[in-house]
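So this block is coords36.cif, mmCIF, C-alpha atoms (C1' of nucleotides):
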```
data_target
loop_
_atom_site.label_atom_id
_atom_site.label_comp_id
_atom_site.auth_asym_id
_atom_site.auth_seq_id
_atom_site.Cartn_x
_atom_site.Cartn_y
_atom_site.Cartn_z
CA MET A 1 74.44 109.43 74.11
CA LYS A 2 77.01 112.20 74.42
CA GLU A 3 80.23 110.88 75.81
CA SER A 4 81.54 112.61 78.87
CA VAL A 5 84.56 114.78 78.14
CA ILE A 6 85.97 113.79 81.51
CA ARG A 7 85.66 110.11 80.79
CA THR A 8 87.38 110.60 77.46
CA ARG A 9 90.25 112.47 79.05
CA ILE A 10 90.74 109.78 81.68
CA LEU A 11 90.79 107.05 79.05
CA GLU A 12 93.19 108.95 76.81
CA VAL A 13 95.70 109.60 79.56
CA ALA A 14 95.41 106.11 80.99
CA SER A 15 95.84 104.59 77.53
CA ARG A 16 99.00 106.54 76.91
CA LEU A 17 100.47 105.61 80.27
CA PHE A 18 99.43 101.96 80.10
CA TYR A 19 101.10 101.65 76.73
CA GLU A 20 104.25 103.59 77.52
CA GLN A 21 104.90 102.39 81.06
CA GLY A 22 102.84 99.24 81.36
CA TYR A 23 99.61 98.61 83.22
CA ASN A 24 101.14 97.48 86.49
CA SER A 25 103.67 100.29 86.55
CA THR A 26 101.02 102.98 86.15
CA GLY A 27 99.30 104.17 89.30
CA ILE A 28 95.94 105.82 89.76
CA ASN A 29 97.67 108.85 91.21
CA GLN A 30 99.62 109.50 88.05
CA ILE A 31 96.52 109.15 85.89
CA ILE A 32 94.43 111.64 87.83
CA GLN A 33 97.33 114.03 88.06
CA GLU A 34 98.13 114.07 84.35
CA ALA A 35 94.47 114.07 83.35
CA GLU A 36 93.88 116.90 85.81
CA ILE A 37 90.72 115.40 87.22
CA ALA A 38 89.61 114.51 90.69
CA ARG A 39 90.13 111.12 92.19
CA GLY A 40 86.40 110.64 92.69
CA SER A 41 85.72 111.41 89.05
CA LEU A 42 87.88 108.54 87.94
CA TYR A 43 86.17 106.06 90.21
CA ASN A 44 82.84 107.47 89.13
CA HIS A 45 83.51 106.55 85.51
CA PHE A 46 85.61 103.46 86.13
CA PRO A 47 84.76 101.53 89.32
CA SER A 48 88.20 99.92 89.40
CA LYS A 49 91.55 100.04 87.68
CA ARG A 50 90.68 96.75 86.03
CA ASP A 51 87.64 98.33 84.42
CA LEU A 52 89.91 101.02 83.07
CA LEU A 53 92.11 98.30 81.58
CA THR A 54 89.15 96.68 79.86
CA ALA A 55 88.07 100.01 78.37
CA TYR A 56 91.64 100.63 77.26
CA ILE A 57 91.89 97.36 75.35
CA GLN A 58 88.52 97.70 73.66
CA ASN A 59 89.12 101.30 72.72
CA SER A 60 92.59 100.50 71.40
CA GLU A 61 91.18 97.78 69.19
CA ASN A 62 88.63 100.13 67.67
CA LEU A 63 91.18 102.85 67.10
CA TRP A 64 93.57 100.34 65.55
CA PHE A 65 91.10 99.08 62.95
CA MET A 66 89.72 102.53 62.24
CA GLY A 67 93.27 103.69 61.60
CA LEU A 68 93.84 100.71 59.33
CA ASP A 69 90.71 101.43 57.30
CA GLU A 70 91.81 105.02 56.90
CA PHE A 71 95.30 103.96 55.90
CA LEU A 72 94.13 101.50 53.23
CA LYS A 73 91.33 103.68 51.87
CA PRO A 74 93.31 105.24 48.97
CA ILE A 75 94.49 101.81 47.81
CA GLU A 76 92.25 99.74 45.56
CA ASP A 77 94.09 96.58 44.62
CA PRO A 78 93.55 93.95 47.35
CA LYS A 79 97.08 92.65 47.00
CA GLN A 80 98.46 96.14 47.47
CA LYS A 81 96.14 96.58 50.41
CA LEU A 82 97.59 93.48 52.03
CA LEU A 83 101.11 94.75 51.56
CA ALA A 84 100.12 98.15 52.89
CA MET A 85 99.07 96.50 56.12
CA PHE A 86 102.78 96.09 56.80
CA ASP A 87 103.28 99.77 56.00
CA TYR A 88 100.57 100.60 58.51
CA ARG A 89 102.40 98.71 61.21
CA ILE A 90 105.66 100.40 60.27
CA ASP A 91 103.91 103.75 60.48
CA ARG A 92 102.49 103.00 63.88
CA GLN A 93 105.69 101.57 65.29
CA LEU A 94 107.62 104.62 64.15
CA ARG A 95 105.11 106.91 65.84
CA SER A 96 105.15 104.94 69.09
CA LYS A 97 108.95 104.66 69.07
CA PHE A 98 108.61 100.91 68.63
CA GLY A 99 106.52 100.37 71.71
CA GLY A 100 105.19 97.14 70.26
CA CYS A 101 101.71 95.71 69.89
CA HIS A 102 99.24 97.06 72.45
CA PHE A 103 97.55 93.71 72.81
CA ASN A 104 100.59 91.51 73.09
CA LYS A 105 101.93 93.87 75.72
CA ILE A 106 98.84 93.41 77.83
CA GLY A 107 98.84 89.69 77.18
CA ALA A 108 102.41 89.52 78.43
CA GLU A 109 101.73 91.60 81.50
CA VAL A 110 98.54 90.21 82.95
CA SER A 111 98.62 87.00 84.90
CA GLY A 112 98.04 83.87 82.84
CA ASP A 113 94.75 83.06 84.53
CA ASP A 114 93.16 86.44 83.84
CA LEU A 115 90.58 85.20 81.36
CA ASP A 116 88.91 88.55 80.88
CA ALA A 117 91.91 90.33 79.41
CA PHE A 118 92.95 87.33 77.34
CA VAL A 119 89.61 87.12 75.60
CA LEU A 120 89.92 90.74 74.57
CA VAL A 121 93.39 90.19 73.19
CA GLN A 122 92.22 87.14 71.25
CA HIS A 123 89.36 89.20 69.88
CA GLN A 124 91.75 91.61 68.24
CA LYS A 125 93.73 88.78 66.67
CA ASP A 126 90.61 87.10 65.37
CA ARG A 127 89.49 90.37 63.86
CA LEU A 128 92.87 90.82 62.22
CA LYS A 129 92.74 87.36 60.70
CA THR A 130 89.23 88.03 59.40
CA TYR A 131 90.48 91.25 57.89
CA ILE A 132 93.32 89.50 56.08
CA MET A 133 91.04 86.70 54.92
CA ALA A 134 88.58 89.14 53.39
CA LEU A 135 91.33 90.80 51.38
CA LEU A 136 92.81 87.46 50.34
CA GLY A 137 89.44 86.44 48.99
CA LEU A 138 89.58 89.34 46.56
CA VAL A 139 93.05 88.55 45.26
CA THR A 140 92.99 86.98 41.81
CA PRO A 141 95.71 84.34 41.69
CA VAL A 142 98.00 84.87 38.73
CA GLN A 143 99.55 81.46 38.92
CA PRO A 144 99.05 78.23 40.84
CA ALA A 145 100.68 79.28 44.06
CA ALA A 146 103.10 76.99 45.84
CA ILE A 147 101.15 77.64 48.98
CA GLY A 148 97.42 77.22 49.53
CA LYS A 149 95.18 80.13 50.30
CA GLU A 150 94.30 79.09 53.82
CA MET A 151 97.98 78.56 54.49
CA LEU A 152 98.75 81.91 52.98
CA LEU A 153 96.40 83.45 55.51
CA ASP A 154 98.29 81.83 58.36
CA THR A 155 101.61 82.86 56.91
CA LEU A 156 100.69 86.50 56.50
CA PHE A 157 99.22 86.63 59.97
CA LEU A 158 102.23 85.02 61.59
CA LEU A 159 104.62 87.22 59.64
CA MET A 160 102.82 90.32 60.85
CA GLU A 161 102.85 89.21 64.44
CA GLY A 162 106.46 88.09 64.37
CA ALA A 163 107.70 91.17 62.57
CA THR A 164 105.95 93.52 64.97
CA VAL A 165 107.42 91.73 67.96
CA ALA A 166 110.88 91.74 66.41
CA ALA A 167 110.64 95.39 65.38
CA SER A 168 109.72 96.31 68.91
CA ALA A 169 112.55 94.26 70.38
CA TYR A 170 115.12 95.74 68.04
CA LYS A 171 113.52 99.18 67.91
CA ASP A 172 113.93 99.02 64.16
CA SER A 173 111.46 98.73 61.30
CA GLN A 174 113.67 96.34 59.33
CA PRO A 175 111.81 93.16 60.42
CA LEU A 176 108.55 94.67 59.18
CA LYS A 177 110.17 95.62 55.89
CA ASP A 178 111.54 92.09 55.59
CA ALA A 179 108.12 90.63 56.26
CA ARG A 180 106.63 92.87 53.59
CA LYS A 181 109.15 91.62 51.02
CA ILE A 182 108.40 88.03 51.89
CA ALA A 183 104.68 88.66 51.60
CA GLU A 184 105.25 90.25 48.20
CA ILE A 185 106.91 87.10 46.94
CA LEU A 186 104.33 84.76 48.45
CA LEU A 187 101.47 86.76 46.94
CA GLY A 188 103.04 86.24 43.53
CA MET B 1 133.80 78.39 91.12
CA LYS B 2 131.15 76.37 92.94
CA GLU B 3 127.86 78.14 92.74
CA SER B 4 126.15 78.90 96.00
CA VAL B 5 123.18 76.65 96.59
CA ILE B 6 121.37 79.60 98.13
CA ARG B 7 121.95 81.76 95.10
CA THR B 8 120.71 79.01 92.85
CA ARG B 9 117.56 78.56 94.88
CA ILE B 10 116.81 82.29 94.83
CA LEU B 11 117.29 82.44 91.09
CA GLU B 12 115.14 79.37 90.46
CA VAL B 13 112.24 80.63 92.53
CA ALA B 14 112.50 84.17 91.17
CA SER B 15 112.63 82.85 87.61
CA ARG B 16 109.50 80.82 88.07
CA LEU B 17 107.61 83.70 89.62
CA PHE B 18 108.85 86.30 87.15
CA TYR B 19 107.70 84.11 84.30
CA GLU B 20 104.36 83.06 85.76
CA GLN B 21 103.29 86.30 87.38
CA GLY B 22 105.43 88.91 85.70
CA TYR B 23 108.39 90.85 87.03
CA ASN B 24 106.47 93.82 88.40
CA SER B 25 103.82 91.67 90.02
CA THR B 26 106.35 89.60 91.93
CA GLY B 27 107.53 91.00 95.25
CA ILE B 28 110.70 90.31 97.19
CA ASN B 29 108.63 88.99 100.05
CA GLN B 30 107.15 86.23 97.95
CA ILE B 31 110.54 85.24 96.60
CA ILE B 32 112.21 84.91 100.00
CA GLN B 33 109.20 83.12 101.41
CA GLU B 34 108.95 80.50 98.66
CA ALA B 35 112.70 80.07 98.46
CA GLU B 36 112.81 79.75 102.23
CA ILE B 37 115.77 82.04 102.65
CA ALA B 38 116.35 85.16 104.66
CA ARG B 39 115.78 88.63 103.32
CA GLY B 40 119.42 89.56 103.86
CA SER B 41 120.63 86.53 101.92
CA LEU B 42 118.79 87.70 98.84
CA TYR B 43 120.27 91.16 98.98
CA ASN B 44 123.65 89.58 99.66
CA HIS B 45 123.57 87.72 96.36
CA PHE B 46 121.58 90.24 94.36
CA PRO B 47 122.07 93.86 95.44
CA SER B 48 118.74 94.88 93.90
CA LYS B 49 115.67 93.41 92.31
CA ARG B 50 116.90 94.69 88.99
CA ASP B 51 120.07 92.64 89.33
CA LEU B 52 117.88 89.61 89.90
CA LEU B 53 116.06 90.42 86.67
CA THR B 54 119.31 90.60 84.75
CA ALA B 55 120.43 87.24 86.11
CA TYR B 56 117.02 85.80 85.27
CA ILE B 57 117.20 86.85 81.62
CA GLN B 58 120.76 85.65 81.12
CA ASN B 59 120.12 82.36 82.85
CA SER B 60 116.92 81.81 80.88
CA GLU B 61 118.77 82.34 77.64
CA ASN B 62 121.38 79.76 78.53
CA LEU B 63 118.79 77.24 79.66
CA TRP B 64 116.79 77.85 76.50
CA PHE B 65 119.64 77.10 74.12
CA MET B 66 120.94 74.22 76.19
CA GLY B 67 117.46 72.72 76.03
CA LEU B 68 117.37 73.26 72.29
CA ASP B 69 120.72 71.53 71.79
CA GLU B 70 119.50 68.61 73.83
CA PHE B 71 116.25 68.47 71.91
CA LEU B 72 117.91 68.49 68.48
CA LYS B 73 120.76 66.13 69.39
CA PRO B 74 119.12 62.90 68.12
CA ILE B 75 118.32 64.50 64.76
CA GLU B 76 120.95 64.57 62.06
CA ASP B 77 119.43 66.10 58.96
CA PRO B 78 119.74 69.92 59.18
CA LYS B 79 116.36 70.41 57.53
CA GLN B 80 114.74 68.13 60.08
CA LYS B 81 116.60 69.97 62.80
CA LEU B 82 115.12 73.25 61.60
CA LEU B 83 111.63 71.80 61.66
CA ALA B 84 112.22 70.31 65.07
CA MET B 85 112.88 73.81 66.38
CA PHE B 86 109.15 74.34 66.07
CA ASP B 87 108.58 71.12 67.98
CA TYR B 88 110.86 72.40 70.70
CA ARG B 89 108.76 75.50 71.05
CA ILE B 90 105.58 73.46 71.10
CA ASP B 91 107.08 71.29 73.79
CA ARG B 92 108.07 74.26 75.89
CA GLN B 93 104.77 76.07 75.47
CA LEU B 94 102.87 72.96 76.48
CA ARG B 95 104.98 72.62 79.59
CA SER B 96 104.58 76.25 80.55
CA LYS B 97 100.86 76.25 79.82
CA PHE B 98 101.45 78.68 76.96
CA GLY B 99 103.11 81.28 79.09
CA GLY B 100 104.80 82.70 76.01
CA CYS B 101 108.36 83.67 75.25
CA HIS B 102 110.37 84.62 78.35
CA PHE B 103 112.17 87.38 76.55
CA ASN B 104 109.24 88.98 74.81
CA LYS B 105 107.42 89.02 78.12
CA ILE B 106 110.20 91.00 79.73
CA GLY B 107 110.46 93.24 76.70
CA ALA B 108 106.76 93.98 77.00
CA GLU B 109 106.88 94.64 80.70
CA VAL B 110 109.91 96.85 81.20
CA SER B 111 109.70 100.50 80.33
CA GLY B 112 110.73 101.32 76.79
CA ASP B 113 113.78 103.31 77.88
CA ASP B 114 115.28 100.51 79.93
CA LEU B 115 118.25 99.86 77.69
CA ASP B 116 119.81 97.23 79.91
CA ALA B 117 116.97 94.73 79.66
CA PHE B 118 116.39 95.39 75.98
CA VAL B 119 119.96 94.57 75.08
CA LEU B 120 119.62 91.22 76.81
CA VAL B 121 116.42 90.45 74.96
CA GLN B 122 118.03 91.37 71.65
CA HIS B 123 120.93 89.13 72.49
CA GLN B 124 118.66 86.10 72.65
CA LYS B 125 117.10 86.94 69.30
CA ASP B 126 120.47 87.45 67.66
CA ARG B 127 121.60 84.12 69.00
CA LEU B 128 118.47 82.44 67.67
CA LYS B 129 119.02 83.90 64.22
CA THR B 130 122.61 82.74 64.25
CA TYR B 131 121.43 79.28 65.22
CA ILE B 132 118.98 79.14 62.33
CA MET B 133 121.54 80.50 59.90
CA ALA B 134 124.07 77.83 60.84
CA LEU B 135 121.54 75.08 60.17
CA LEU B 136 120.41 76.68 56.94
CA GLY B 137 124.00 76.70 55.72
CA LEU B 138 124.04 72.91 56.02
CA VAL B 139 120.84 72.39 54.05
CA THR B 140 121.47 71.13 50.54
CA PRO B 141 118.97 72.82 48.24
CA VAL B 142 117.07 70.27 46.19
CA GLN B 143 115.75 72.79 43.72
CA PRO B 144 116.18 76.49 42.98
CA ALA B 145 114.02 77.85 45.76
CA ALA B 146 111.50 80.57 45.06
CA ILE B 147 112.91 82.38 48.02
CA GLY B 148 116.55 83.27 48.64
CA LYS B 149 118.47 81.81 51.53
CA GLU B 150 118.90 85.05 53.44
CA MET B 151 115.20 85.69 53.02
CA LEU B 152 114.47 82.17 54.15
CA LEU B 153 116.34 82.94 57.34
CA ASP B 154 114.16 85.98 57.98
CA THR B 155 111.02 84.04 57.20
CA LEU B 156 111.80 81.17 59.54
CA PHE B 157 112.75 83.55 62.31
CA LEU B 158 109.63 85.66 61.93
CA LEU B 159 107.42 82.59 61.72
CA MET B 160 108.85 81.28 64.97
CA GLU B 161 108.38 84.57 66.75
CA GLY B 162 104.88 85.12 65.42
CA ALA B 163 103.73 81.60 66.09
CA THR B 164 105.00 81.65 69.66
CA VAL B 165 103.21 84.91 70.34
CA ALA B 166 100.01 83.63 68.77
CA ALA B 167 100.19 80.30 70.58
CA SER B 168 100.55 82.14 73.86
CA ALA B 169 97.66 84.48 73.09
CA TYR B 170 95.37 81.62 72.09
CA LYS B 171 96.78 79.16 74.57
CA ASP B 172 96.92 76.65 71.74
CA SER B 173 99.78 75.03 69.87
CA GLN B 174 98.02 75.27 66.50
CA PRO B 175 99.87 78.42 65.36
CA LEU B 176 103.18 76.67 65.98
CA LYS B 177 101.99 73.63 64.06
CA ASP B 178 100.88 75.89 61.22
CA ALA B 179 104.25 77.60 61.18
CA ARG B 180 105.98 74.24 61.03
CA LYS B 181 103.92 73.21 58.01
CA ILE B 182 104.73 76.46 56.24
CA ALA B 183 108.41 76.01 56.99
CA GLU B 184 108.25 72.49 55.60
CA ILE B 185 106.96 73.81 52.29
CA LEU B 186 109.42 76.68 52.13
CA LEU B 187 112.34 74.37 52.82
CA GLY B 188 111.31 72.29 49.80
"C1'" DG C 1 137.60 82.50 113.95
"C1'" DA C 2 135.81 84.33 109.68
"C1'" DA C 3 132.17 84.13 106.44
"C1'" DA C 4 127.56 83.45 105.50
"C1'" DA C 5 123.18 82.36 106.89
"C1'" DT C 6 119.12 83.47 109.87
"C1'" DA C 7 114.87 86.29 111.82
"C1'" DG C 8 112.80 90.27 112.03
"C1'" DA C 9 112.28 95.29 112.99
"C1'" DT C 10 112.27 99.40 110.47
"C1'" DA C 11 112.10 103.18 107.06
"C1'" DG C 12 109.73 105.61 103.68
"C1'" DA C 13 107.40 105.71 99.68
"C1'" DC C 14 103.81 103.94 97.11
"C1'" DT C 15 99.36 101.24 96.03
"C1'" DT C 16 94.06 101.02 95.29
"C1'" DG C 17 89.95 102.38 96.86
"C1'" DT C 18 86.57 104.87 100.20
"C1'" DC C 19 84.90 108.72 102.20
"C1'" DT C 20 83.36 113.53 103.34
"C1'" DA C 21 82.24 118.02 102.19
"C1'" DT C 22 81.72 121.56 98.84
"C1'" DA C 23 80.78 123.69 94.37
"C1'" DT C 24 78.60 123.91 89.95
"C1'" DA C 25 75.54 122.84 86.29
"C1'" DT C 26 71.75 120.72 84.27
"C1'" DT C 27 66.95 119.12 84.59
"C1'" DA C 28 62.14 118.81 86.63
"C1'" DT C 29 58.37 120.64 89.03
"C1'" DT C 30 55.41 124.13 90.57
"C1'" DA D 1 59.93 132.32 85.12
"C1'" DA D 2 61.42 130.85 89.78
"C1'" DT D 3 62.45 127.27 92.70
"C1'" DA D 4 63.66 122.54 93.84
"C1'" DA D 5 66.04 118.28 92.81
"C1'" DT D 6 69.50 115.62 90.76
"C1'" DA D 7 73.89 114.68 88.79
"C1'" DT D 8 78.57 115.45 88.42
"C1'" DA D 9 82.63 117.77 89.36
"C1'" DT D 10 86.15 119.21 92.90
"C1'" DA D 11 89.95 118.74 96.80
"C1'" DG D 12 91.84 116.06 99.90
"C1'" DA D 13 92.02 113.15 104.13
"C1'" DC D 14 92.17 108.42 105.16
"C1'" DA D 15 92.50 103.22 105.54
"C1'" DA D 16 94.90 99.13 104.97
"C1'" DG D 17 98.12 97.18 102.72
"C1'" DT D 18 102.13 96.67 99.46
"C1'" DC D 19 106.66 97.68 97.77
"C1'" DT D 20 112.07 97.79 97.91
"C1'" DA D 21 115.83 98.20 100.64
"C1'" DT D 22 118.60 98.74 105.05
"C1'" DC D 23 119.88 97.46 109.41
"C1'" DT D 24 120.83 94.88 113.74
"C1'" DA D 25 121.57 90.87 116.32
"C1'" DT D 26 121.96 86.04 116.52
"C1'" DT D 27 123.14 81.54 114.80
"C1'" DT D 28 125.13 78.27 111.66
"C1'" DT D 29 128.69 76.61 108.54
"C1'" DC D 30 133.21 76.11 106.55
#
```
Would it be possible to restate this file's structure as C-alpha cells?
Amino acid sequence: MKESVIRTRILEVASRLFYEQGYNSTGINQIIQEAEIARGSLYNHFPSKRDLLTAYIQNSENLWFMGLDEFLKPIEDPKQKLLAMFDYRIDRQLRSKFGGCHFNKIGAEVSGDDLDAFVLVQHQKDRLKTYIMALLGLVTPVQPAAIGKEMLLDTLFLLMEGATVAASAYKDSQPLKDARKIAEILLG
Amino acid sequence: MKESVIRTRILEVASRLFYEQGYNSTGINQIIQEAEIARGSLYNHFPSKRDLLTAYIQNSENLWFMGLDEFLKPIEDPKQKLLAMFDYRIDRQLRSKFGGCHFNKIGAEVSGDDLDAFVLVQHQKDRLKTYIMALLGLVTPVQPAAIGKEMLLDTLFLLMEGATVAASAYKDSQPLKDARKIAEILLG
DNA sequence: GAAAATAGATAGACTTGTCTATATATTATT
DNA sequence: AATAATATATAGACAAGTCTATCTATTTTC
C-alpha cells in the first residue's frame, strides 16, 4: 500500500523533464542522474521508458484535476467556478513559464499510431468536458441564451483548449484572459 | 532563381516525415534514404538539421496559406469565407489523418527556450489572425451583435485553434464541425 | 573545366536496456 | 531472540544500435 519513495522520485523527475524538454529529448541517463538513483532501480519500477510515459500521463491527469478542485473550492457560484477555470489555467501557465498543456504536448510528440498514449490524452479531455458539463448543469439561466447549453459546453471547451495553445505559443496569458471575457459574455 | 530539384525533394521528404513522425524522431538517415539523395547533398543544401526544420516551418506556412486562398477563391461572401475556413481545416485534417496543426506540433516538440522556432510558429498565428480580421472587416453586420468585432476576432481564432487541437486528439472532425456551427451563430 | 551530385567510411557522442556483483534492510522461520 | 530468506537498493560495465555531422574520392551534369 505504501508507495515507494524511490518510485515517486523517479516519476517526479521524469515528469519534470518530459514536460520541460519533451519525452523524446529526455534520456534515461538524465533521469537517473537527476533523481540520484541507480539505473537498475528505474527499470525495477518501470520496465521500459514507455511505461514511465504512461505513468507520467496518468499521474499528471490526477494532479491536474486535484489542483483544479483545490483552486475552485473557495468559490460557490457555478458560473464563477466556470470562469475561474480560466484563472486556473492562467495560474498554471504562469508557473510553468507557458509550457503548454501536458497532454497536447504528448499528443503532438508521440507517433500518430501510438494508440496507448492517445487514449490517455483523450481521457483527460473527456474528463474535462464532464467537469464543465457538471458545472453548466448548475448554472441558472438568467435569460434565454442565444446559444444552447450543449453548444455552450462545446464553446467553453474549445475556448479553453484554443486559449491554452495560443498562450503557450505566444508565452503570454492574454489569450486565456480573452477567452475568459468571451465566456463571461456567453454565460450571460 | 530556379530552385534546385534536389533541395525541393529533400524538403518535401523531410516535411512529410517531420509531420508524421515528429522532428526528433526523424533521423537524417531516413531522410536521405527516402529522398534517394546522398548524405553530402543534404548537408550541402541544409548545413544542419535545424536549418532543415526552419525551412520546413516557413515552407509549411506558405503552403498552408496558399491552400487557404485556393480553397476560399470560389466563395464571395466574406461571412461564408470565414465559415469555410473551418471547412478548410476539416479538409486538411481528413487528408492528414488528423495529424494536427503543423505549427503547434513543432511548438510542442522543441524545447521551450528555442526562440528561433517559436518566432516562426507565432508568425503563422499572427498571419492567421490578420487573415480573419481582414475578412471580418468586410462583413456587414445585420444586427447589433452581442459581441464586439475585436472580441469576435479573438473568439473565431481561439475556436479554430481549439477545434483543431481537439480534432487531432480525438481523430475526429466533430470538434471542427461544432466550432463552425458556433461561428455561424456568432456571426449572426 | 567547374560545380554539384554520388557512395560510403568515419568520428564521437548518445540511446535503451541487460547484466553482474555487492550492500542494506525488512520479513519469516526456527 | 537469533538466524535465515527475501526484497530492494547500489555502482557500473556492457551490448547493439542510433544520432548528427565531416570527410574523401569518384562520377555526373551544366
Residues picked by the PyMOL selection byres ((chain C) within 8 of (chain B)) here, as number ranges by chain? C: 5-7
With 9 Å as the limit and counting all atoms listed in the file, what residues in chain D lie close to chain B? Please list them as a VMD selection string. chain D and resid 18 to 21
Translate the PyMOL selection byres ((chain B) within 9 of (chain A)), as applied to the file shown, into an explicit residue set as an NGL selection string. :B and (20-25 or 97-101 or 104-112 or 118-119 or 121-122 or 125 or 146-147 or 151-152 or 154-155 or 157-166 or 168-170 or 175 or 178-179 or 181-182 or 185-186)
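Picture a line from atom CA of Ala84 of chain A to atom CA of Leu72 of chain A; it runs 6.9 Å.
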Using the chain letters and residue numbers of this document, give as an MDAnalysis selection string the residues selected by the PyMOL selection byres ((chain D and resi 24) around 12). (chainID B and resid 40) or (chainID C and resid 7:10) or (chainID D and resid 22:23 25:26)
Listed atoms of segment 69-88 of chain A, axis-aligned box, 3 Å per side: centre and edge lengths to one decimal in Å, as lines of an AutoDock Vina configuration file?
```
center_x = 97.0
center_y = 98.9
center_z = 51.6
size_x = 18.6
size_y = 18.6
size_z = 19.9
```
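Our summary of the geometry notes that atom CA of Arg127 of chain A is positioned 27.2 Å from atom CA of Glu184 of chain B.
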Neighbours of DT30 of chain C within 12 Å (all atoms listed in the file; same-chain residues fewer than 4 positions away dropped), as an NGL selection string? :D and (1-4)
Have a look at atom CA of Lys81 of chain A and atom CA of Gln58 of chain A and let me know their distance in Å, one decimal. 24.5 Å
Contact residues around DA21 of chain C with only C-alpha atoms (C1' of nucleotides) at 12 Å, ignoring same-chain residues under 2 positions, as a PyMOL selection string: (chain C and resi 19+23) or (chain D and resi 10-13)
C-alpha atoms (C1' of nucleotides) of the current selection, written as an mmCIF file, in the coordinates of the input:
```
data_model
loop_
_atom_site.group_PDB
_atom_site.id
_atom_site.type_symbol
_atom_site.label_atom_id
_atom_site.label_comp_id
_atom_site.auth_asym_id
_atom_site.auth_seq_id
_atom_site.Cartn_x
_atom_site.Cartn_y
_atom_site.Cartn_z
ATOM 1 C "C1'" DC C 19 84.900 108.720 102.200
ATOM 2 C "C1'" DA C 23 80.780 123.690 94.370
ATOM 3 C "C1'" DT D 10 86.150 119.210 92.900
ATOM 4 C "C1'" DA D 11 89.950 118.740 96.800
ATOM 5 C "C1'" DG D 12 91.840 116.060 99.900
ATOM 6 C "C1'" DA D 13 92.020 113.150 104.130
#
```
Env of Leu68 of chain B: 8 Å cut, atoms = only C-alpha atoms (C1' of nucleotides), seq-sep filter 3 positions within chain, self excluded. Answer as a list in words.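 Counting only C-alpha atoms (C1' of nucleotides), the residues come to Trp64, Phe65, Phe71, Leu72, Met85 and Tyr88 of chain B.
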Would you fill the gaps in segment 4-20 of chain A so it has N, CA and C atoms, then print it as a PDB file, keeping the file's coordinate frame?
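The result, written out as result_26.pdb:
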```pdb
ATOM      1  N   SER A   4      80.980 111.647  77.923  1.00  0.00           N
ATOM      2  CA  SER A   4      81.540 112.610  78.870  1.00  0.00           C
ATOM      3  C   SER A   4      82.957 112.997  78.462  1.00  0.00           C
ATOM      4  N   VAL A   5      83.221 114.299  78.498  1.00  0.00           N
ATOM      5  CA  VAL A   5      84.560 114.780  78.140  1.00  0.00           C
ATOM      6  C   VAL A   5      85.563 114.344  79.195  1.00  0.00           C
ATOM      7  N   ILE A   6      85.100 114.233  80.427  1.00  0.00           N
ATOM      8  CA  ILE A   6      85.970 113.790  81.510  1.00  0.00           C
ATOM      9  C   ILE A   6      86.377 112.335  81.300  1.00  0.00           C
ATOM     10  N   ARG A   7      85.392 111.521  81.022  1.00  0.00           N
ATOM     11  CA  ARG A   7      85.660 110.110  80.790  1.00  0.00           C
ATOM     12  C   ARG A   7      86.664 109.915  79.659  1.00  0.00           C
ATOM     13  N   THR A   8      86.477 110.685  78.592  1.00  0.00           N
ATOM     14  CA  THR A   8      87.380 110.600  77.460  1.00  0.00           C
ATOM     15  C   THR A   8      88.802 110.967  77.854  1.00  0.00           C
ATOM     16  N   ARG A   9      88.912 112.031  78.655  1.00  0.00           N
ATOM     17  CA  ARG A   9      90.250 112.470  79.050  1.00  0.00           C
ATOM     18  C   ARG A   9      90.935 111.417  79.922  1.00  0.00           C
ATOM     19  N   ILE A  10      90.177 110.840  80.839  1.00  0.00           N
ATOM     20  CA  ILE A  10      90.740 109.780  81.680  1.00  0.00           C
ATOM     21  C   ILE A  10      91.262 108.635  80.810  1.00  0.00           C
ATOM     22  N   LEU A  11      90.426 108.200  79.885  1.00  0.00           N
ATOM     23  CA  LEU A  11      90.790 107.050  79.050  1.00  0.00           C
ATOM     24  C   LEU A  11      91.997 107.354  78.171  1.00  0.00           C
ATOM     25  N   GLU A  12      92.052 108.574  77.669  1.00  0.00           N
ATOM     26  CA  GLU A  12      93.190 108.950  76.810  1.00  0.00           C
ATOM     27  C   GLU A  12      94.500 108.924  77.594  1.00  0.00           C
ATOM     28  N   VAL A  13      94.466 109.546  78.757  1.00  0.00           N
ATOM     29  CA  VAL A  13      95.700 109.600  79.560  1.00  0.00           C
ATOM     30  C   VAL A  13      96.088 108.206  80.028  1.00  0.00           C
ATOM     31  N   ALA A  14      95.112 107.462  80.518  1.00  0.00           N
ATOM     32  CA  ALA A  14      95.410 106.110  80.990  1.00  0.00           C
ATOM     33  C   ALA A  14      95.951 105.249  79.848  1.00  0.00           C
ATOM     34  N   SER A  15      95.389 105.389  78.670  1.00  0.00           N
ATOM     35  CA  SER A  15      95.840 104.590  77.530  1.00  0.00           C
ATOM     36  C   SER A  15      97.303 104.890  77.213  1.00  0.00           C
ATOM     37  N   ARG A  16      97.623 106.166  77.205  1.00  0.00           N
ATOM     38  CA  ARG A  16      99.000 106.540  76.910  1.00  0.00           C
ATOM     39  C   ARG A  16      99.952 105.957  77.956  1.00  0.00           C
ATOM     40  N   LEU A  17      99.589 106.091  79.208  1.00  0.00           N
ATOM     41  CA  LEU A  17     100.470 105.610  80.270  1.00  0.00           C
ATOM     42  C   LEU A  17     100.553 104.091  80.309  1.00  0.00           C
ATOM     43  N   PHE A  18      99.422 103.428  80.129  1.00  0.00           N
ATOM     44  CA  PHE A  18      99.430 101.960  80.100  1.00  0.00           C
ATOM     45  C   PHE A  18     100.363 101.465  79.000  1.00  0.00           C
ATOM     46  N   TYR A  19     100.283 102.106  77.861  1.00  0.00           N
ATOM     47  CA  TYR A  19     101.100 101.650  76.730  1.00  0.00           C
ATOM     48  C   TYR A  19     102.579 101.962  76.934  1.00  0.00           C
ATOM     49  N   GLU A  20     102.849 103.166  77.409  1.00  0.00           N
ATOM     50  CA  GLU A  20     104.250 103.590  77.520  1.00  0.00           C
ATOM     51  C   GLU A  20     104.961 102.971  78.721  1.00  0.00           C
TER      52      GLU A  20
END
```
